[in-house]
file input-v7.txt (compact mmCIF, C-alpha atoms and all ligand atoms)
# COMPACT_ATOMS: atom_id res chain seq x y z
CA MET A 538 -52.84 -56.92 -31.68
CA ASN A 539 -51.68 -58.48 -28.47
CA LYS A 540 -53.57 -56.81 -25.68
CA ASN A 541 -50.45 -56.08 -23.69
CA LEU A 542 -48.91 -54.30 -26.63
CA GLU A 543 -51.78 -51.84 -26.76
CA VAL A 544 -49.98 -50.17 -23.94
CA ILE A 545 -47.51 -48.86 -26.56
CA ASP A 546 -50.21 -46.62 -27.99
CA LYS A 547 -50.99 -45.41 -24.50
CA ILE A 548 -47.37 -44.51 -23.96
CA ASP A 549 -47.44 -42.50 -27.17
CA GLU A 550 -50.53 -40.73 -25.97
CA VAL A 551 -49.06 -39.95 -22.58
CA PHE A 552 -45.91 -38.67 -24.25
CA LYS A 553 -47.90 -36.35 -26.52
CA ASP A 554 -49.76 -34.96 -23.51
CA ALA A 555 -46.57 -34.58 -21.53
CA LYS A 556 -44.92 -32.69 -24.32
CA GLU A 557 -47.79 -30.28 -24.67
CA ILE A 558 -48.25 -29.70 -20.96
CA LEU A 559 -44.58 -29.28 -20.12
CA GLU A 560 -44.03 -26.91 -23.03
CA SER A 561 -46.82 -24.66 -21.85
CA ALA A 562 -45.66 -24.42 -18.19
CA LYS A 563 -45.50 -20.77 -17.16
CA ASN A 564 -43.11 -21.03 -14.25
CA LEU A 565 -40.73 -23.41 -12.55
CA ASN A 566 -43.24 -24.64 -9.94
CA GLU A 567 -45.80 -25.50 -12.54
CA LEU A 568 -43.18 -27.26 -14.63
CA GLU A 569 -42.00 -29.26 -11.65
CA ASP A 570 -45.55 -30.40 -10.74
CA ASN A 571 -46.38 -31.37 -14.27
CA PHE A 572 -43.17 -33.28 -14.70
CA ARG A 573 -43.95 -35.27 -11.56
CA SER A 574 -47.49 -35.96 -12.74
CA PHE A 575 -45.95 -37.98 -15.60
CA THR A 576 -42.79 -39.52 -14.28
CA GLY A 577 -43.31 -39.48 -10.49
CA LYS A 578 -44.23 -42.58 -8.46
CA LYS A 579 -47.91 -42.03 -9.18
CA GLY A 580 -47.33 -40.37 -12.52
CA ARG A 581 -49.22 -41.35 -15.64
CA LEU A 582 -46.27 -43.01 -17.33
CA THR A 583 -45.46 -44.97 -14.21
CA GLU A 584 -49.06 -46.07 -13.78
CA ILE A 585 -49.31 -47.49 -17.31
CA LEU A 586 -46.53 -49.90 -16.51
CA HIS A 587 -47.85 -51.03 -13.15
CA ASN A 588 -48.59 -54.60 -14.28
CA ILE A 589 -45.61 -55.04 -16.58
CA SER A 590 -44.42 -57.90 -14.36
CA SER A 591 -47.16 -60.07 -15.80
CA TYR A 592 -45.91 -59.58 -19.38
CA SER A 593 -43.97 -62.15 -21.33
CA PRO A 594 -40.23 -61.51 -21.73
CA GLU A 595 -40.65 -60.36 -25.35
CA GLU A 596 -43.44 -57.99 -24.38
CA LYS A 597 -41.38 -56.65 -21.51
CA LYS A 598 -38.55 -55.91 -23.88
CA ILE A 599 -40.69 -53.98 -26.35
CA VAL A 600 -42.74 -52.11 -23.76
CA GLY A 601 -39.70 -51.42 -21.59
CA ALA A 602 -37.75 -49.91 -24.47
CA LYS A 603 -40.70 -47.79 -25.52
CA SER A 604 -41.35 -46.45 -22.04
CA ASN A 605 -37.67 -45.65 -21.48
CA GLU A 606 -37.58 -43.74 -24.70
CA ALA A 607 -40.69 -41.76 -23.68
CA LYS A 608 -39.25 -41.10 -20.24
CA ASN A 609 -35.96 -39.83 -21.64
CA GLU A 610 -37.74 -37.55 -24.07
CA ILE A 611 -39.96 -36.16 -21.33
CA GLU A 612 -36.91 -35.58 -19.19
CA SER A 613 -35.07 -33.69 -21.90
CA ILE A 614 -38.12 -31.51 -22.56
CA TYR A 615 -38.30 -30.86 -18.85
CA ASN A 616 -34.61 -29.90 -18.66
CA ARG A 617 -34.75 -27.59 -21.63
CA LYS A 618 -37.86 -25.90 -20.32
CA LYS A 619 -36.33 -25.60 -16.90
CA ASN A 620 -33.28 -23.76 -18.28
CA GLU A 621 -35.52 -21.48 -20.27
CA LEU A 622 -37.77 -20.67 -17.32
CA SER A 623 -34.97 -20.12 -14.81
CA GLY A 624 -33.30 -17.79 -17.31
CA ASN A 625 -36.56 -15.84 -17.45
CA GLU A 626 -36.80 -15.77 -13.71
CA ASN A 627 -33.26 -14.49 -13.36
CA LYS A 628 -34.03 -11.76 -15.83
CA LYS A 629 -37.20 -10.86 -13.98
CA PHE A 630 -35.27 -10.76 -10.71
CA LEU A 631 -32.56 -8.58 -12.21
CA ASN A 632 -35.12 -6.17 -13.66
CA GLU A 633 -37.01 -5.94 -10.41
CA TYR A 634 -33.96 -5.41 -8.23
CA LYS A 635 -31.92 -3.42 -10.74
CA ILE A 636 -28.68 -5.23 -10.11
CA ASP A 637 -25.82 -3.84 -12.16
CA LEU A 638 -23.59 -6.77 -12.96
CA THR A 639 -20.88 -4.48 -14.31
CA ILE A 640 -20.14 -2.88 -10.93
CA PRO A 641 -16.79 -4.29 -9.73
CA GLY A 642 -17.05 -6.44 -6.61
CA ASN A 643 -15.46 -5.64 -3.27
CA ARG A 644 -11.75 -6.28 -3.45
CA ILE A 645 -10.60 -8.93 -1.05
CA GLU A 646 -7.62 -7.60 0.88
CA ARG A 647 -4.80 -10.07 0.85
CA PHE A 648 -2.12 -10.03 3.49
CA HIS A 649 1.42 -9.62 2.29
CA LYS A 650 4.71 -8.70 3.84
CA HIS A 651 6.05 -5.21 4.20
CA PRO A 652 9.00 -4.81 1.79
CA ILE A 653 11.40 -4.33 4.71
CA THR A 654 10.23 -7.57 6.31
CA ALA A 655 10.41 -9.41 2.99
CA VAL A 656 13.99 -8.32 2.31
CA LEU A 657 14.95 -8.90 5.93
CA GLU A 658 13.76 -12.49 5.66
CA GLU A 659 15.49 -12.97 2.34
CA ALA A 660 18.78 -11.65 3.76
CA SER A 661 18.40 -13.71 6.95
CA ASP A 662 17.84 -16.86 4.88
CA PHE A 663 20.88 -16.05 2.79
CA PHE A 664 23.17 -15.63 5.81
CA THR A 665 21.82 -18.59 7.74
CA SER A 666 22.45 -20.71 4.64
CA MET A 667 26.12 -19.78 5.12
CA GLY A 668 26.10 -20.82 8.76
CA PHE A 669 25.30 -17.46 10.34
CA GLU A 670 23.10 -17.35 13.43
CA ILE A 671 20.66 -14.54 14.15
CA VAL A 672 21.24 -12.67 17.42
CA GLU A 673 19.60 -9.64 18.99
CA GLY A 674 20.43 -6.87 21.40
CA PRO A 675 18.48 -4.13 23.16
CA GLU A 676 17.42 -1.00 21.27
CA ILE A 677 18.00 1.13 24.36
CA GLU A 678 21.68 0.64 25.02
CA THR A 679 24.41 1.70 27.41
CA THR A 680 27.10 4.02 26.08
CA HIS A 681 29.49 1.23 27.01
CA TYR A 682 28.20 -1.18 24.37
CA ASN A 683 27.24 1.51 21.89
CA PHE A 684 30.64 3.25 22.07
CA ASP A 685 33.33 2.34 24.60
CA ALA A 686 33.46 -1.38 23.94
CA LEU A 687 33.68 -0.54 20.23
CA ASN A 688 36.87 1.45 20.71
CA ILE A 689 35.12 4.81 20.75
CA PRO A 690 36.06 6.45 24.08
CA ALA A 691 34.02 9.37 25.39
CA ASP A 692 36.54 12.00 24.40
CA HIS A 693 37.13 10.58 20.95
CA PRO A 694 35.99 12.87 18.12
CA ALA A 695 34.57 9.84 16.27
CA ARG A 696 31.66 9.82 18.69
CA ASP A 697 30.29 12.85 16.89
CA VAL A 698 29.85 10.76 13.76
CA TRP A 699 26.87 9.06 15.36
CA ASP A 700 24.35 11.80 16.02
CA THR A 701 23.18 10.37 19.26
CA PHE A 702 19.98 10.92 21.22
CA TYR A 703 20.92 10.89 24.90
CA LEU A 704 18.24 9.83 27.34
CA LEU A 705 17.98 11.45 30.76
CA ASN A 706 18.94 8.18 32.45
CA GLY A 707 22.26 8.12 30.60
CA LEU A 708 21.24 5.38 28.17
CA VAL A 709 21.04 5.85 24.40
CA PRO A 710 18.76 4.52 21.70
CA ARG A 711 21.49 2.56 19.92
CA THR A 712 22.99 4.46 17.00
CA HIS A 713 24.02 1.27 15.22
CA THR A 714 23.67 -2.48 15.59
CA SER A 715 27.42 -2.66 16.24
CA SER A 716 26.47 -2.61 19.93
CA VAL A 717 25.32 -6.20 19.40
CA GLN A 718 28.85 -7.04 18.21
CA ALA A 719 30.25 -5.96 21.55
CA ARG A 720 27.65 -7.91 23.50
CA THR A 721 27.99 -11.06 21.42
CA LEU A 722 31.79 -11.07 21.67
CA GLU A 723 31.44 -10.99 25.43
CA SER A 724 28.87 -13.73 25.77
CA LYS A 725 29.03 -16.17 22.87
CA PRO A 726 31.48 -19.08 22.77
CA LEU A 727 34.01 -18.73 19.94
CA PRO A 728 34.18 -19.22 17.03
CA PHE A 729 30.88 -17.90 15.64
CA ARG A 730 29.20 -16.16 12.75
CA VAL A 731 26.20 -14.02 13.56
CA ILE A 732 23.94 -11.42 12.01
CA ALA A 733 22.04 -8.92 14.15
CA PRO A 734 19.20 -7.12 12.39
CA GLY A 735 17.40 -4.32 14.17
CA ARG A 736 16.33 -0.72 14.54
CA CYS A 737 18.76 2.11 15.21
CA TYR A 738 18.24 5.77 16.01
CA ARG A 739 20.08 8.96 15.14
CA TYR A 740 19.43 12.61 15.72
CA GLU A 741 19.04 13.58 12.10
CA ALA A 742 17.05 15.95 9.95
CA VAL A 743 14.54 13.82 8.07
CA ASP A 744 14.75 13.81 4.28
CA ALA A 745 14.32 11.33 1.41
CA THR A 746 17.29 9.23 2.50
CA HIS A 747 17.53 9.90 6.25
CA LEU A 748 15.16 9.12 9.09
CA PHE A 749 15.80 9.28 12.80
CA MET A 750 14.90 5.61 12.99
CA PHE A 751 16.27 3.10 10.51
CA ASN A 752 17.19 -0.56 10.16
CA GLN A 753 20.64 -2.07 10.10
CA MET A 754 21.87 -5.59 9.78
CA GLU A 755 25.12 -6.18 11.58
CA GLY A 756 27.34 -9.12 10.75
CA LEU A 757 30.24 -10.56 12.69
CA PHE A 758 32.39 -13.54 11.79
CA VAL A 759 35.03 -14.59 14.32
CA ALA A 760 37.38 -17.57 14.09
CA HIS A 761 41.07 -18.38 14.36
CA ASN A 762 42.04 -17.39 10.86
CA VAL A 763 39.42 -15.14 9.32
CA LYS A 764 40.97 -13.05 6.57
CA LEU A 765 40.10 -9.96 4.57
CA SER A 766 39.49 -12.25 1.59
CA ASP A 767 36.69 -13.95 3.58
CA LEU A 768 35.06 -10.59 4.10
CA LYS A 769 35.44 -9.79 0.42
CA GLY A 770 34.03 -13.10 -0.76
CA ILE A 771 31.03 -13.15 1.53
CA LEU A 772 30.04 -9.51 1.08
CA GLU A 773 30.42 -9.55 -2.69
CA GLU A 774 28.23 -12.62 -2.79
CA THR A 775 25.74 -10.83 -0.53
CA VAL A 776 25.26 -7.87 -2.85
CA ARG A 777 25.12 -10.16 -5.84
CA HIS A 778 22.41 -12.19 -4.16
CA LEU A 779 20.38 -9.35 -2.67
CA LEU A 780 20.77 -6.66 -5.31
CA GLY A 781 21.95 -8.47 -8.40
CA ALA A 782 25.11 -6.33 -8.29
CA LYS A 783 27.58 -7.13 -11.04
CA LYS A 784 30.41 -4.68 -10.37
CA THR A 785 31.67 -3.94 -6.87
CA ARG A 786 34.57 -2.09 -5.28
CA PHE A 787 36.01 -1.61 -1.80
CA ARG A 788 37.18 1.79 -0.60
CA PRO A 789 39.13 2.50 2.59
CA ALA A 790 36.98 4.04 5.32
CA PHE A 791 37.34 4.83 8.98
CA TYR A 792 35.29 3.15 11.70
CA PRO A 793 37.00 2.96 15.13
CA PHE A 794 36.00 -0.69 15.69
CA VAL A 795 37.57 -2.06 12.51
CA GLU A 796 41.06 -2.00 11.04
CA PRO A 797 41.28 -1.83 8.14
CA GLY A 798 37.86 -0.26 7.61
CA LEU A 799 36.17 -0.38 4.23
CA ASP A 800 33.06 0.63 2.35
CA LEU A 801 31.68 -1.76 -0.22
CA ASP A 802 30.22 0.04 -3.23
CA ILE A 803 28.18 -1.43 -6.04
CA GLU A 804 27.91 -0.01 -9.50
CA CYS A 805 24.84 2.25 -9.56
CA VAL A 806 21.86 0.05 -10.40
CA PHE A 807 19.92 3.04 -11.72
CA CYS A 808 22.32 4.33 -14.37
CA GLY A 809 24.63 1.35 -14.87
CA GLY A 810 27.61 3.41 -13.74
CA ARG A 811 27.18 6.32 -16.15
CA GLY A 812 26.29 8.73 -13.36
CA CYS A 813 22.87 9.95 -12.22
CA GLY A 814 21.08 11.75 -9.41
CA VAL A 815 20.91 8.70 -7.18
CA CYS A 816 24.67 8.00 -7.25
CA LYS A 817 25.45 11.74 -7.27
CA ASN A 818 27.16 11.25 -10.63
CA THR A 819 29.81 8.96 -9.20
CA GLY A 820 28.46 5.79 -10.84
CA TRP A 821 28.74 4.00 -7.48
CA ILE A 822 26.46 3.45 -4.49
CA GLU A 823 27.80 2.73 -1.05
CA VAL A 824 26.02 -0.27 0.43
CA ILE A 825 28.03 -2.02 3.16
CA PRO A 826 30.46 -0.45 5.63
CA CYS A 827 32.75 -3.18 6.93
CA GLY A 828 36.22 -4.14 8.08
CA MET A 829 38.41 -6.45 10.13
CA VAL A 830 37.59 -6.42 13.85
CA HIS A 831 39.92 -3.99 15.66
CA PRO A 832 42.26 -5.66 18.22
CA ASN A 833 40.98 -3.28 20.90
CA VAL A 834 37.42 -4.54 20.42
CA PHE A 835 38.62 -8.10 21.05
CA LYS A 836 40.56 -6.90 24.10
CA TYR A 837 37.50 -5.17 25.59
CA ALA A 838 35.64 -8.49 25.35
CA GLY A 839 38.52 -10.41 26.92
CA ILE A 840 39.52 -12.13 23.69
CA ASN A 841 43.14 -12.44 22.63
CA PRO A 842 43.45 -10.66 19.23
CA LYS A 843 46.49 -12.78 18.43
CA GLU A 844 44.41 -15.90 18.72
CA TYR A 845 41.20 -14.76 17.01
CA LYS A 846 40.44 -12.67 13.95
CA GLY A 847 37.16 -11.48 12.60
CA PHE A 848 35.34 -9.30 10.15
CA ALA A 849 32.29 -7.16 10.74
CA PHE A 850 29.83 -5.26 8.60
CA GLY A 851 26.78 -3.08 9.11
CA MET A 852 24.32 -2.90 6.22
CA GLY A 853 21.95 0.02 6.12
CA PHE A 854 18.98 -2.18 5.58
CA ASP A 855 16.42 0.37 4.41
CA ARG A 856 18.85 1.38 1.74
CA ILE A 857 19.05 -2.19 0.45
CA VAL A 858 15.24 -2.22 0.27
CA MET A 859 15.22 1.12 -1.60
CA LEU A 860 17.74 -0.13 -4.13
CA LYS A 861 16.02 -3.45 -4.56
CA TYR A 862 12.58 -1.98 -5.15
CA ASN A 863 13.65 1.22 -6.82
CA ILE A 864 12.16 3.48 -4.15
CA ASN A 865 13.53 7.00 -4.10
CA ASP A 866 12.07 8.20 -0.81
CA LEU A 867 12.71 6.28 2.38
CA ARG A 868 9.75 7.92 4.11
CA LEU A 869 7.37 6.03 1.82
CA LEU A 870 8.28 2.80 3.59
CA TYR A 871 7.21 4.07 6.98
CA GLN A 872 3.98 5.91 6.35
CA GLY A 873 1.75 2.84 6.30
CA ASN A 874 0.25 4.02 3.00
CA LEU A 875 -1.36 0.94 1.48
CA ASP A 876 -1.49 2.45 -2.01
CA ILE A 877 2.29 2.44 -1.91
CA LEU A 878 2.89 -0.74 0.06
CA ASN A 879 0.52 -2.84 -2.04
CA GLN A 880 2.76 -2.28 -5.03
CA PHE A 881 5.39 -4.62 -3.65
N1 LIG A 901 28.27 0.67 12.71
C1 LIG A 901 28.73 1.39 11.56
C2 LIG A 901 27.77 2.51 11.29
O1 LIG A 901 26.64 2.44 11.63
C3 LIG A 901 28.82 0.51 10.36
C4 LIG A 901 29.88 -0.56 10.46
C5 LIG A 901 29.58 -1.76 11.03
C6 LIG A 901 31.15 -0.34 9.95
C7 LIG A 901 30.53 -2.77 11.10
C8 LIG A 901 32.11 -1.32 10.02
C9 LIG A 901 31.80 -2.53 10.59
O2 LIG A 901 28.16 3.52 10.72
call {"tool": "encode", "arguments": {"input": "input-v7.txt", "output": "structure tokens", "more": "lines below"}}
Ligand code: PHE
result
Amino acid sequence: MNKNLEVIDKIDEVFKDAKEILESAKNLNELEDNFRSFTGKKGRLTEILHNISSYSPEEKKIVGAKSNEAKNEIESIYNRKKNELSGNENKKFLNEYKIDLTIPGNRIERFHKHPITAVLEEASDFFTSMGFEIVEGPEIETTHYNFDALNIPADHPARDVWDTFYLLNGLVPRTHTSSVQARTLESKPLPFRVIAPGRCYRYEAVDATHLFMFNQMEGLFVAHNVKLSDLKGILEETVRHLLGAKKTRFRPAFYPFVEPGLDLDIECVFCGGRGCGVCKNTGWIEVIPCGMVHPNVFKYAGINPKEYKGFAFGMGFDRIVMLKYNINDLRLLYQGNLDILNQF
């Protein structure tokens, strides 16, 4: 046999040794060292081929193929053994440290919006898509903007409707966001459409549906020829959008700053109009007090009521959130209880 081809037998021999030695490795370090001692730069397999450059092309082809085959085999033995040994080591580690893989991990707290904020943003988006701007006013208000400018003079019995906290300095925590109506009429160039979301305060006994602090979203649309049908269209669309309301109705109501004044009811979302505890067996839920801006309110702001018309509304915002998320106790929204809030 050609002398150079004797190297093929050597490769076989090295392979046999490699197989035996790698198979009997007791741990990963040993396996690693042994693997190198065959295939590393100074490994036995590598050494055998050190003078392959002097071989003829045919010899190179045969010897090359043989050595590649041996190398691949050694590598696959190494890989298999490595998996086996690292599995063993993991098991050993787990036994030693008694790790219980079935214990649930720490829950990662994810930030999400408070339901009131989420609905507030949804409603704001809805109104701004119809050209409404968002405006704000102070929470501590003068009685002028909270009452007088809204056609509620001091001696008017209607003032009692808003159970007002009076501060020692004569100011009031606003009882409704309608105060922002009065301010906006005075300062904003006409025509305009605005919404004014914000907190309001009333001296009330706290129960499931009343708190002394609550959220309202005021709306005011003023232009030359705003009509009751505009109010109807926009507010019906609002309750459809926000609450999925299918049936609605308007009832006459009295608010000194609107004429006519109305309450928009939706068919009770809990019982479908059949009557239940939530709708007090009426089949309807009142959601948006509203009406056409009273001429006196325009006059107070220096606007000619013959020239401009408008409609206004004041949504009890917490109530919208309760209806939307099926919450029966308003207090739950304000206690900061994560077990409750995380459900939304
Ligand atoms: N401000 C009224 C309230 O809080 C609601 C309302 C606003 C009614 C706008 C009509 C128009 O009771």
call {"tool": "residues_around", "arguments": {"input": "input-v7.txt", "residues": "A:Val698", "least_positions_apart": "3", "cutoff": "10 Å", "atoms": "all atoms listed in the file", "output": "PyMOL selection string"}}
result
chain A and resi 694-695+701+712+792
call {"tool": "residues_around", "arguments": {"input": "input-v7.txt", "residues": "A:Ala686", "least_positions_apart": "2", "cutoff": "7 Å", "atoms": "all atoms listed in the file", "output": "list in words"}}
result
His681, Tyr682, Phe684, Asn688, Ala719, Val834 and Tyr837 of chain A
call {"tool": "write_last_selection", "arguments": {"input": "input-v7.txt", "atoms": "C-alpha atoms", "output": "mmCIF file, in the coordinates of the input"}}
result
data_model
loop_
_atom_site.group_PDB
_atom_site.id
_atom_site.type_symbol
_atom_site.label_atom_id
_atom_site.label_comp_id
_atom_site.auth_asym_id
_atom_site.auth_seq_id
_atom_site.Cartn_x
_atom_site.Cartn_y
_atom_site.Cartn_z
ATOM 1 C CA HIS A 681 29.490 1.230 27.010
ATOM 2 C CA TYR A 682 28.200 -1.180 24.370
ATOM 3 C CA PHE A 684 30.640 3.250 22.070
ATOM 4 C CA ASN A 688 36.870 1.450 20.710
ATOM 5 C CA ALA A 719 30.250 -5.960 21.550
ATOM 6 C CA VAL A 834 37.420 -4.540 20.420
ATOM 7 C CA TYR A 837 37.500 -5.170 25.590
#
call {"tool": "closest_residue", "arguments": {"input": "input-v7.txt", "among": "A:Val815, A:Leu586, A:Ile864, A:Leu622", "to": "A:Asn566", "atoms": "all atoms listed in the file"}}
result
A:Leu622
call {"tool": "atom_distance", "arguments": {"input": "input-v7.txt", "atom1": "atom CA of A:Lys619", "atom2": "atom CA of A:Ala555"}}
result
14.4 Å
call {"tool": "residues_near_ligand", "arguments": {"input": "input-v7.txt", "ligand": "ligand LIG 901 (chain A)", "cutoff": "8 Å", "atoms": "all atoms listed in the file", "output": "count of residues only"}}
result
27
call {"tool": "atom_distance", "arguments": {"input": "input-v7.txt", "atom1": "atom CA of A:Ala602", "atom2": "atom CA of A:Glu560"}}
result
23.9 Å
call {"tool": "residues_around", "arguments": {"input": "input-v7.txt", "residues": "A:Thr785", "least_positions_apart": "4", "cutoff": "10 Å", "atoms": "all atoms listed in the file", "output": "list of chain:residue names"}}
result
A:Leu772, A:Glu773, A:Val776, A:Arg777, A:Leu801, A:Asp802, A:Ile803, A:Glu804, A:Cys805, A:Trp821, A:Ile822, A:Glu823, A:Val824
call {"tool": "write_last_selection", "arguments": {"input": "input-v7.txt", "atoms": "C-alpha atoms", "output": "compact mmCIF listing (two decimals), in the frame of the given file"}}
result
# COMPACT_ATOMS: atom_id res chain seq x y z
CA LEU A 772 30.04 -9.51 1.08
CA GLU A 773 30.42 -9.55 -2.69
CA VAL A 776 25.26 -7.87 -2.85
CA ARG A 777 25.12 -10.16 -5.84
CA LEU A 801 31.68 -1.76 -0.22
CA ASP A 802 30.22 0.04 -3.23
CA ILE A 803 28.18 -1.43 -6.04
CA GLU A 804 27.91 -0.01 -9.50
CA CYS A 805 24.84 2.25 -9.56
CA TRP A 821 28.74 4.00 -7.48
CA ILE A 822 26.46 3.45 -4.49
CA GLU A 823 27.80 2.73 -1.05
CA VAL A 824 26.02 -0.27 0.43
call {"tool": "atom_distance", "arguments": {"input": "input-v7.txt", "atom1": "atom CA of A:Lys836", "atom2": "atom CA of A:Arg788"}}
result
26.4 Å
call {"tool": "closest_residue", "arguments": {"input": "input-v7.txt", "among": "A:Pro690, A:Pro734, A:Pro842, A:Gly809", "to": "A:Asn762", "atoms": "all atoms listed in the file"}}
result
A:Pro842
call {"tool": "closest_residue", "arguments": {"input": "input-v7.txt", "among": "A:Ile671, A:Ala745, A:Cys816, A:Leu568", "to": "A:Asn865", "atoms": "all atoms listed in the file"}}
result
A:Ala745
call {"tool": "residues_around", "arguments": {"input": "input-v7.txt", "residues": "A:Glu723", "least_positions_apart": "6", "cutoff": "9 Å", "atoms": "only C-alpha atoms", "output": "PyMOL selection string"}}
result
chain A and resi 835+837-840
call {"tool": "decode", "arguments": {"input": "input-v7.txt", "residues": "stretch 813-820 of chain A", "atoms": "all heavy atoms", "output": "mmCIF file, in the first residue's frame"}}
result
data_model
loop_
_atom_site.group_PDB
_atom_site.id
_atom_site.type_symbol
_atom_site.label_atom_id
_atom_site.label_comp_id
_atom_site.auth_asym_id
_atom_site.auth_seq_id
_atom_site.Cartn_x
_atom_site.Cartn_y
_atom_site.Cartn_z
ATOM 1 N N CYS A 813 -84.624 46.873 36.888
ATOM 2 C CA CYS A 813 -83.771 46.165 37.850
ATOM 3 C C CYS A 813 -83.342 47.142 38.948
ATOM 4 O O CYS A 813 -83.765 48.300 38.957
ATOM 5 C CB CYS A 813 -82.536 45.590 37.147
ATOM 6 S SG CYS A 813 -81.401 46.864 36.531
ATOM 7 N N GLY A 814 -82.515 46.664 39.847
ATOM 8 C CA GLY A 814 -82.093 47.493 40.976
ATOM 9 C C GLY A 814 -81.336 48.734 40.534
ATOM 10 O O GLY A 814 -81.520 49.811 41.090
ATOM 11 N N VAL A 815 -80.496 48.574 39.522
ATOM 12 C CA VAL A 815 -79.666 49.693 39.089
ATOM 13 C C VAL A 815 -80.521 50.835 38.526
ATOM 14 O O VAL A 815 -80.312 52.002 38.822
ATOM 15 C CB VAL A 815 -78.638 49.226 38.032
ATOM 16 C CG1 VAL A 815 -77.771 50.390 37.571
ATOM 17 C CG2 VAL A 815 -77.762 48.121 38.591
ATOM 18 N N CYS A 816 -81.524 50.509 37.715
ATOM 19 C CA CYS A 816 -82.353 51.566 37.113
ATOM 20 C C CYS A 816 -83.592 51.845 37.960
ATOM 21 O O CYS A 816 -84.513 52.523 37.526
ATOM 22 C CB CYS A 816 -82.740 51.195 35.681
ATOM 23 S SG CYS A 816 -83.731 49.686 35.545
ATOM 24 N N LYS A 817 -83.605 51.316 39.163
ATOM 25 C CA LYS A 817 -84.732 51.487 40.098
ATOM 26 C C LYS A 817 -86.046 51.118 39.415
ATOM 27 O O LYS A 817 -87.057 51.831 39.530
ATOM 28 C CB LYS A 817 -84.776 52.919 40.631
ATOM 29 C CG LYS A 817 -83.505 53.298 41.380
ATOM 30 C CD LYS A 817 -83.680 54.569 42.204
ATOM 31 C CE LYS A 817 -82.416 54.950 42.931
ATOM 32 N NZ LYS A 817 -81.429 55.641 42.072
ATOM 33 N N ASN A 818 -85.986 50.027 38.667
ATOM 34 C CA ASN A 818 -87.164 49.487 37.978
ATOM 35 C C ASN A 818 -87.811 50.408 36.951
ATOM 36 O O ASN A 818 -88.966 50.196 36.569
ATOM 37 C CB ASN A 818 -88.228 49.045 39.006
ATOM 38 C CG ASN A 818 -87.843 47.708 39.588
ATOM 39 O OD1 ASN A 818 -87.393 46.813 38.858
ATOM 40 N ND2 ASN A 818 -87.961 47.568 40.891
ATOM 41 N N THR A 819 -87.064 51.417 36.493
ATOM 42 C CA THR A 819 -87.646 52.297 35.479
ATOM 43 C C THR A 819 -87.261 51.827 34.078
ATOM 44 O O THR A 819 -87.876 52.223 33.095
ATOM 45 C CB THR A 819 -87.127 53.737 35.630
ATOM 46 O OG1 THR A 819 -85.701 53.719 35.451
ATOM 47 C CG2 THR A 819 -87.459 54.303 36.994
ATOM 48 N N GLY A 820 -86.204 51.014 33.979
ATOM 49 C CA GLY A 820 -85.733 50.591 32.655
ATOM 50 C C GLY A 820 -84.822 51.622 32.009
ATOM 51 O O GLY A 820 -84.288 51.380 30.920
#
